>>> print(open('entry_10.cif').read())   # mmCIF, C-alpha atoms, pLDDT in the B column; chains and numbers go by the auth columns
data_work
loop_
_atom_site.group_PDB
_atom_site.id
_atom_site.type_symbol
_atom_site.label_atom_id
_atom_site.label_comp_id
_atom_site.label_asym_id
_atom_site.label_seq_id
_atom_site.Cartn_x
_atom_site.Cartn_y
_atom_site.Cartn_z
_atom_site.B_iso_or_equiv
_atom_site.auth_seq_id
_atom_site.auth_asym_id
ATOM 1 C CA MET A 1 83.409 101.659 68.978 77.00 234 A
ATOM 2 C CA SER A 2 84.844 102.356 72.419 81.00 235 A
ATOM 3 C CA ARG A 3 83.116 104.646 74.902 86.00 236 A
ATOM 4 C CA HIS A 4 84.421 107.291 77.262 89.00 237 A
ATOM 5 C CA ILE A 5 83.447 106.844 80.876 92.00 238 A
ATOM 6 C CA GLN A 6 83.035 108.970 83.963 95.00 239 A
ATOM 7 C CA VAL A 7 83.539 107.397 87.383 96.00 240 A
ATOM 8 C CA THR A 8 81.117 108.754 89.976 96.00 241 A
ATOM 9 C CA PHE A 9 81.753 108.741 93.728 95.00 242 A
ATOM 10 C CA ASP A 10 79.074 109.297 96.348 95.00 243 A
ATOM 11 C CA ALA A 11 80.592 111.502 99.039 96.00 244 A
ATOM 12 C CA ARG A 12 79.958 113.369 102.286 95.00 245 A
ATOM 13 C CA ASP A 13 82.356 116.133 101.185 97.00 246 A
ATOM 14 C CA PRO A 14 82.735 116.234 97.375 97.00 247 A
ATOM 15 C CA ARG A 15 85.311 119.032 97.383 97.00 248 A
ATOM 16 C CA ALA A 16 87.615 117.357 99.895 97.00 249 A
ATOM 17 C CA LEU A 17 87.297 113.930 98.275 97.00 250 A
ATOM 18 C CA SER A 18 87.935 115.315 94.778 98.00 251 A
ATOM 19 C CA THR A 19 90.983 117.155 96.109 98.00 252 A
ATOM 20 C CA PHE A 20 92.332 113.912 97.590 98.00 253 A
ATOM 21 C CA TRP A 21 91.862 112.029 94.305 98.00 254 A
ATOM 22 C CA ARG A 22 93.332 114.962 92.357 98.00 255 A
ATOM 23 C CA GLU A 23 96.544 114.477 94.335 98.00 256 A
ATOM 24 C CA VAL A 24 96.472 110.687 93.968 97.00 257 A
ATOM 25 C CA LEU A 25 96.048 110.752 90.184 97.00 258 A
ATOM 26 C CA GLY A 26 97.734 113.994 89.130 97.00 259 A
ATOM 27 C CA TYR A 27 94.401 115.258 87.787 98.00 260 A
ATOM 28 C CA VAL A 28 93.072 118.837 87.820 97.00 261 A
ATOM 29 C CA HIS A 29 89.857 120.552 88.821 97.00 262 A
ATOM 30 C CA PRO A 30 88.361 122.082 85.672 96.00 263 A
ATOM 31 C CA GLY A 31 87.248 125.698 85.775 94.00 264 A
ATOM 32 C CA PRO A 32 83.591 126.734 85.653 94.00 265 A
ATOM 33 C CA PRO A 33 81.807 126.917 82.295 92.00 266 A
ATOM 34 C CA GLY A 34 82.672 130.036 80.325 91.00 267 A
ATOM 35 C CA VAL A 35 85.414 131.103 82.746 91.00 268 A
ATOM 36 C CA GLU A 36 88.967 131.478 81.456 90.00 269 A
ATOM 37 C CA LEU A 37 91.378 130.741 84.292 91.00 270 A
ATOM 38 C CA ALA A 38 94.617 132.693 84.415 91.00 271 A
ATOM 39 C CA ALA A 39 97.806 130.658 84.724 89.00 272 A
ATOM 40 C CA GLY A 40 98.156 129.521 88.333 89.00 273 A
ATOM 41 C CA ALA A 41 94.592 130.508 89.242 94.00 274 A
ATOM 42 C CA ASP A 42 92.786 128.300 91.767 95.00 275 A
ATOM 43 C CA PRO A 43 89.896 126.579 89.972 96.00 276 A
ATOM 44 C CA LEU A 44 88.099 125.886 93.252 95.00 277 A
ATOM 45 C CA ALA A 45 88.133 129.595 94.119 95.00 278 A
ATOM 46 C CA ALA A 46 86.842 130.292 90.614 95.00 279 A
ATOM 47 C CA TRP A 47 84.006 127.840 91.249 95.00 280 A
ATOM 48 C CA ASP A 48 83.169 129.571 94.554 94.00 281 A
ATOM 49 C CA ASP A 49 82.952 132.925 92.736 93.00 282 A
ATOM 50 C CA PHE A 50 80.959 131.436 89.848 94.00 283 A
ATOM 51 C CA LEU A 51 78.420 129.693 92.102 95.00 284 A
ATOM 52 C CA ALA A 52 77.945 132.829 94.215 94.00 285 A
ATOM 53 C CA ARG A 53 77.498 134.939 91.064 93.00 286 A
ATOM 54 C CA ILE A 54 74.780 132.650 89.662 94.00 287 A
ATOM 55 C CA GLY A 55 72.965 132.534 93.011 95.00 288 A
ATOM 56 C CA VAL A 56 73.652 129.020 94.263 94.00 289 A
ATOM 57 C CA PRO A 57 73.019 129.051 98.036 95.00 290 A
ATOM 58 C CA GLU A 58 76.187 128.571 100.077 93.00 291 A
ATOM 59 C CA GLU A 59 74.952 125.304 101.634 93.00 292 A
ATOM 60 C CA GLN A 60 74.617 123.788 98.135 94.00 293 A
ATOM 61 C CA ARG A 61 78.016 124.844 96.786 93.00 294 A
ATOM 62 C CA ASN A 62 79.756 121.653 97.924 96.00 295 A
ATOM 63 C CA SER A 63 77.123 119.320 96.477 96.00 296 A
ATOM 64 C CA ARG A 64 79.344 118.209 93.581 96.00 297 A
ATOM 65 C CA SER A 65 82.882 118.399 92.285 97.00 298 A
ATOM 66 C CA ALA A 66 84.872 116.907 89.419 97.00 299 A
ATOM 67 C CA ILE A 67 88.441 116.279 88.375 98.00 300 A
ATOM 68 C CA GLU A 68 89.876 115.541 84.950 97.00 301 A
ATOM 69 C CA ASP A 69 93.028 114.108 83.453 97.00 302 A
ATOM 70 C CA PRO A 70 95.032 117.126 82.225 96.00 303 A
ATOM 71 C CA ASP A 71 96.188 115.015 79.248 97.00 304 A
ATOM 72 C CA GLY A 72 92.619 114.059 78.336 94.00 305 A
ATOM 73 C CA GLN A 73 93.367 110.316 78.468 94.00 306 A
ATOM 74 C CA GLY A 74 91.834 109.066 81.715 95.00 307 A
ATOM 75 C CA PRO A 75 88.202 109.136 82.781 96.00 308 A
ATOM 76 C CA ARG A 76 86.633 112.151 84.426 97.00 309 A
ATOM 77 C CA LEU A 77 85.854 111.595 88.116 97.00 310 A
ATOM 78 C CA PHE A 78 82.644 113.117 89.457 96.00 311 A
ATOM 79 C CA PHE A 79 81.846 113.469 93.171 97.00 312 A
ATOM 80 C CA GLN A 80 78.268 113.980 94.374 96.00 313 A
ATOM 81 C CA ARG A 81 77.097 114.645 97.904 96.00 314 A
ATOM 82 C CA VAL A 82 74.819 112.026 99.405 94.00 315 A
ATOM 83 C CA PRO A 83 73.272 112.102 102.883 91.00 316 A
ATOM 84 C CA GLU A 84 74.261 108.587 103.942 89.00 317 A
ATOM 85 C CA ASP A 85 77.697 107.320 104.963 85.00 318 A
ATOM 86 C CA LYS A 86 79.397 104.413 103.237 85.00 319 A
ATOM 87 C CA VAL A 87 78.373 101.299 105.184 85.00 320 A
ATOM 88 C CA ALA A 88 79.765 98.343 103.218 85.00 321 A
ATOM 89 C CA LYS A 89 82.678 97.353 101.016 83.00 322 A
ATOM 90 C CA ASN A 90 82.513 99.049 97.646 86.00 323 A
ATOM 91 C CA ARG A 91 81.737 96.678 94.765 83.00 324 A
ATOM 92 C CA VAL A 92 83.973 98.562 92.316 87.00 325 A
ATOM 93 C CA HIS A 93 87.342 100.008 93.201 90.00 326 A
ATOM 94 C CA LEU A 94 90.162 101.754 91.429 94.00 327 A
ATOM 95 C CA ASP A 95 93.601 100.224 90.934 95.00 328 A
ATOM 96 C CA VAL A 96 96.157 103.023 90.870 97.00 329 A
ATOM 97 C CA ARG A 97 99.193 102.011 88.811 96.00 330 A
ATOM 98 C CA ALA A 98 101.896 103.374 91.110 96.00 331 A
ATOM 99 C CA ALA A 99 104.854 101.192 90.091 96.00 332 A
ATOM 100 C CA PRO A 100 104.704 100.609 86.325 94.00 333 A
ATOM 101 C CA GLY A 101 107.499 98.436 85.008 93.00 334 A
ATOM 102 C CA LEU A 102 108.897 97.592 88.446 96.00 335 A
ATOM 103 C CA GLN A 103 109.093 94.100 89.945 94.00 336 A
ATOM 104 C CA GLY A 104 109.868 92.396 93.230 95.00 337 A
ATOM 105 C CA GLU A 105 111.212 94.421 96.132 96.00 338 A
ATOM 106 C CA GLU A 106 111.789 97.500 93.956 97.00 339 A
ATOM 107 C CA ARG A 107 108.090 97.466 93.041 97.00 340 A
ATOM 108 C CA MET A 108 106.947 96.942 96.618 98.00 341 A
ATOM 109 C CA ALA A 109 109.240 99.739 97.847 98.00 342 A
ATOM 110 C CA ALA A 110 107.688 102.100 95.275 98.00 343 A
ATOM 111 C CA LEU A 111 104.191 101.067 96.385 98.00 344 A
ATOM 112 C CA GLU A 112 105.124 101.620 100.033 98.00 345 A
ATOM 113 C CA ALA A 113 106.504 105.091 99.239 98.00 346 A
ATOM 114 C CA GLU A 114 103.281 106.022 97.439 98.00 347 A
ATOM 115 C CA CYS A 115 101.273 104.542 100.295 98.00 348 A
ATOM 116 C CA ALA A 116 103.096 106.787 102.781 98.00 349 A
ATOM 117 C CA ARG A 117 102.418 109.845 100.591 98.00 350 A
ATOM 118 C CA LEU A 118 98.712 109.037 100.394 98.00 351 A
ATOM 119 C CA VAL A 119 98.400 108.323 104.124 98.00 352 A
ATOM 120 C CA ALA A 120 99.767 111.841 104.702 98.00 353 A
ATOM 121 C CA LEU A 121 96.933 113.109 102.457 98.00 354 A
ATOM 122 C CA GLY A 122 94.274 111.295 104.516 98.00 355 A
ATOM 123 C CA ALA A 123 94.182 107.751 103.114 98.00 356 A
ATOM 124 C CA THR A 124 94.192 104.652 105.311 98.00 357 A
ATOM 125 C CA ARG A 125 96.422 101.653 104.707 98.00 358 A
ATOM 126 C CA ILE A 126 94.411 98.418 104.913 98.00 359 A
ATOM 127 C CA GLY A 127 96.923 95.754 103.954 97.00 360 A
ATOM 128 C CA ARG A 128 99.634 94.453 101.673 98.00 361 A
ATOM 129 C CA ALA A 129 99.615 91.456 99.343 96.00 362 A
ATOM 130 C CA GLU A 130 103.076 90.092 98.641 96.00 363 A
ATOM 131 C CA PRO A 131 104.113 89.218 95.088 94.00 364 A
ATOM 132 C CA GLU A 132 103.069 85.723 94.003 93.00 365 A
ATOM 133 C CA PRO A 133 104.495 85.261 90.501 88.00 366 A
ATOM 134 C CA PRO A 134 103.279 84.663 87.920 87.00 367 A
ATOM 135 C CA MET A 135 99.737 85.634 88.925 92.00 368 A
ATOM 136 C CA SER A 136 100.327 88.657 91.163 93.00 369 A
ATOM 137 C CA ALA A 137 103.080 91.243 91.289 95.00 370 A
ATOM 138 C CA GLY A 138 101.945 92.404 94.751 96.00 371 A
ATOM 139 C CA PHE A 139 99.820 95.378 95.791 97.00 372 A
ATOM 140 C CA VAL A 140 98.789 97.583 98.720 98.00 373 A
ATOM 141 C CA VAL A 141 95.117 97.914 99.695 97.00 374 A
ATOM 142 C CA MET A 142 94.054 101.351 100.898 98.00 375 A
ATOM 143 C CA ALA A 143 90.949 103.442 101.596 97.00 376 A
ATOM 144 C CA ASP A 144 90.366 107.059 100.667 97.00 377 A
ATOM 145 C CA PRO A 145 89.315 109.584 103.355 97.00 378 A
ATOM 146 C CA GLU A 146 85.669 108.470 103.052 96.00 379 A
ATOM 147 C CA GLY A 147 86.428 104.750 103.236 95.00 380 A
ATOM 148 C CA ASN A 148 86.330 103.799 99.541 95.00 381 A
ATOM 149 C CA GLU A 149 88.816 100.986 98.993 96.00 382 A
ATOM 150 C CA PHE A 150 91.403 101.141 96.236 96.00 383 A
ATOM 151 C CA CYS A 151 94.688 99.406 95.473 97.00 384 A
ATOM 152 C CA LEU A 152 98.151 100.636 94.689 97.00 385 A
ATOM 153 C CA ASP A 153 99.454 98.215 92.144 95.00 386 A
#
>>> encode(input="entry_10.cif", output="structure tokens")
Amino acid sequence: MSRHIQVTFDARDPRALSTFWREVLGYVHPGPPGVELAAGADPLAAWDDFLARIGVPEEQRNSRSAIEDPDGQGPRLFFQRVPEDKVAKNRVHLDVRAAPGLQGEERMAALEAECARLVALGATRIGRAEPEPPMSAGFVVMADPEGNEFCLD
């Protein structure tokens, strides 16, 4: 029997980091429990209202955030505030499939285009590994706004 997983990120700013990853993956922020969101409603604003209504102090309202695959296929990502900064290379990283089915220069051009989009959202480009068939099709190493490494592949 397979299991569903949730990927958890430690973060300085859970809301900002979840918003970055929402844009990377095409995910969505779910609405608060028991709240029906109108079409086009901002789920983060709904969370602000919900947390205020249930009495969560303002300084605690950005202590966690989550995003989900709107198609229900990918894992849920959960972001929790921690007091310490990231100080070493992460031992697990995400590979974002940004060029499915492409090969060679066409693949690398697609990865570079996605890299440029993510840099504009706050990511950092770390490096590029050229294709080395048959073992590697090439990839771009990046870091999210809080320094967590991931690859575009």
>>> closest_atom_pairs(input="entry_10.cif", of="range 269-359 of chain A", to="range 371-386 of chain A", cutoff="9 Å", atoms="all atoms listed in the file", output="Markdown table")
| residue | atom | partner | partner_atom | distance |
| --- | --- | --- | --- | --- |
| A:Asp318 | CA | A:Glu379 | CA | 8.3 |
| A:Lys319 | CA | A:Gly380 | CA | 7.0 |
| A:Val320 | CA | A:Gly380 | CA | 9.0 |
| A:Lys322 | CA | A:Glu382 | CA | 7.4 |
| A:Asn323 | CA | A:Asn381 | CA | 6.4 |
| A:Val325 | CA | A:Glu382 | CA | 8.6 |
| A:His326 | CA | A:Phe383 | CA | 5.2 |
| A:Leu327 | CA | A:Phe383 | CA | 5.0 |
| A:Asp328 | CA | A:Cys384 | CA | 4.7 |
| A:Val329 | CA | A:Leu385 | CA | 4.9 |
| A:Arg330 | CA | A:Asp386 | CA | 5.1 |
| A:Ala331 | CA | A:Asp386 | CA | 5.8 |
| A:Ala332 | CA | A:Asp386 | CA | 6.5 |
| A:Pro333 | CA | A:Asp386 | CA | 8.2 |
| A:Gln336 | CA | A:Gly371 | CA | 8.8 |
| A:Gly337 | CA | A:Gly371 | CA | 8.1 |
| A:Arg340 | CA | A:Gly371 | CA | 8.1 |
| A:Met341 | CA | A:Gly371 | CA | 7.0 |
| A:Leu344 | CA | A:Leu385 | CA | 6.3 |
| A:Glu345 | CA | A:Val373 | CA | 7.6 |
| A:Glu347 | CA | A:Leu385 | CA | 7.9 |
| A:Cys348 | CA | A:Leu385 | CA | 7.5 |
| A:Leu351 | CA | A:Asp377 | CA | 8.6 |
| A:Val352 | CA | A:Met375 | CA | 8.8 |
| A:Leu354 | CA | A:Pro378 | CA | 8.4 |
| A:Gly355 | CA | A:Pro378 | CA | 5.4 |
| A:Ala356 | CA | A:Asp377 | CA | 4.6 |
| A:Thr357 | CA | A:Ala376 | CA | 5.1 |
| A:Arg358 | CA | A:Met375 | CA | 4.5 |
| A:Ile359 | CA | A:Met375 | CA | 5.0 |
>>> closest_residue(input="entry_10.cif", among="A:Phe253, A:Phe242, A:Tyr260, A:Trp280", to="Asp302 in chain A", atoms="all atoms listed in the file")
A:Tyr260
>>> resolve_selection(input="entry_10.cif", expression="the PyMOL selection byres ((chain A and resi 266) around 12)", output="MDAnalysis selection string")
chainID A and resid 263:265 267:270 276 279:280 283:284 287
>>> write_last_selection(input="entry_10.cif", atoms="C-alpha atoms", output="short mmCIF file (atom, residue, chain, number, x, y, z; two decimals), keeping the file's coordinate frame")
data_model
loop_
_atom_site.label_atom_id
_atom_site.label_comp_id
_atom_site.auth_asym_id
_atom_site.auth_seq_id
_atom_site.Cartn_x
_atom_site.Cartn_y
_atom_site.Cartn_z
CA PRO A 263 88.36 122.08 85.67
CA GLY A 264 87.25 125.70 85.78
CA PRO A 265 83.59 126.73 85.65
CA GLY A 267 82.67 130.04 80.32
CA VAL A 268 85.41 131.10 82.75
CA GLU A 269 88.97 131.48 81.46
CA LEU A 270 91.38 130.74 84.29
CA PRO A 276 89.90 126.58 89.97
CA ALA A 279 86.84 130.29 90.61
CA TRP A 280 84.01 127.84 91.25
CA PHE A 283 80.96 131.44 89.85
CA LEU A 284 78.42 129.69 92.10
CA ILE A 287 74.78 132.65 89.66
#
>>> atom_distance(input="entry_10.cif", atom1="CA of Phe312 in chain A", atom2="CA of Leu277 in chain A")
13.9 Å
>>> atom_distance(input="entry_10.cif", atom1="CA of Gln239 in chain A", atom2="CA of Asn295 in chain A")
19.1 Å
>>> axis_aligned_box(input="entry_10.cif", around="range 283-297 of chain A", padding_each_side="3 Å", output="AutoDock Vina command-line options")
--center_x 77.0 --center_y 126.6 --center_z 95.6 --size_x 14.0 --size_y 22.7 --size_z 18.0
>>> atom_distance(input="entry_10.cif", atom1="CA of Gln293 in chain A", atom2="CA of Glu317 in chain A")
16.3 Å
>>> closest_residue(input="entry_10.cif", among="A:Met368, A:Leu335, A:Val257, A:Ala299", to="Gln313 in chain A", atoms="all atoms listed in the file")
A:Ala299
>>> residues_around(input="entry_10.cif", residues="His237 in chain A", least_positions_apart="5", cutoff="12 Å", atoms="only C-alpha atoms", output="number ranges by chain")
A: 305-310
>>> residues_near_point(input="entry_10.cif", point="(78.1, 111.1, 99.5)", cutoff="7 Å", atoms="only C-alpha atoms", output="PyMOL selection string")
chain A and resi 243-246+313-318
>>> closest_residue(input="entry_10.cif", among="A:Ala346, A:Met234, A:Ile300, A:Ala271", to="Ala249 in chain A", atoms="only C-alpha atoms")
A:Ile300
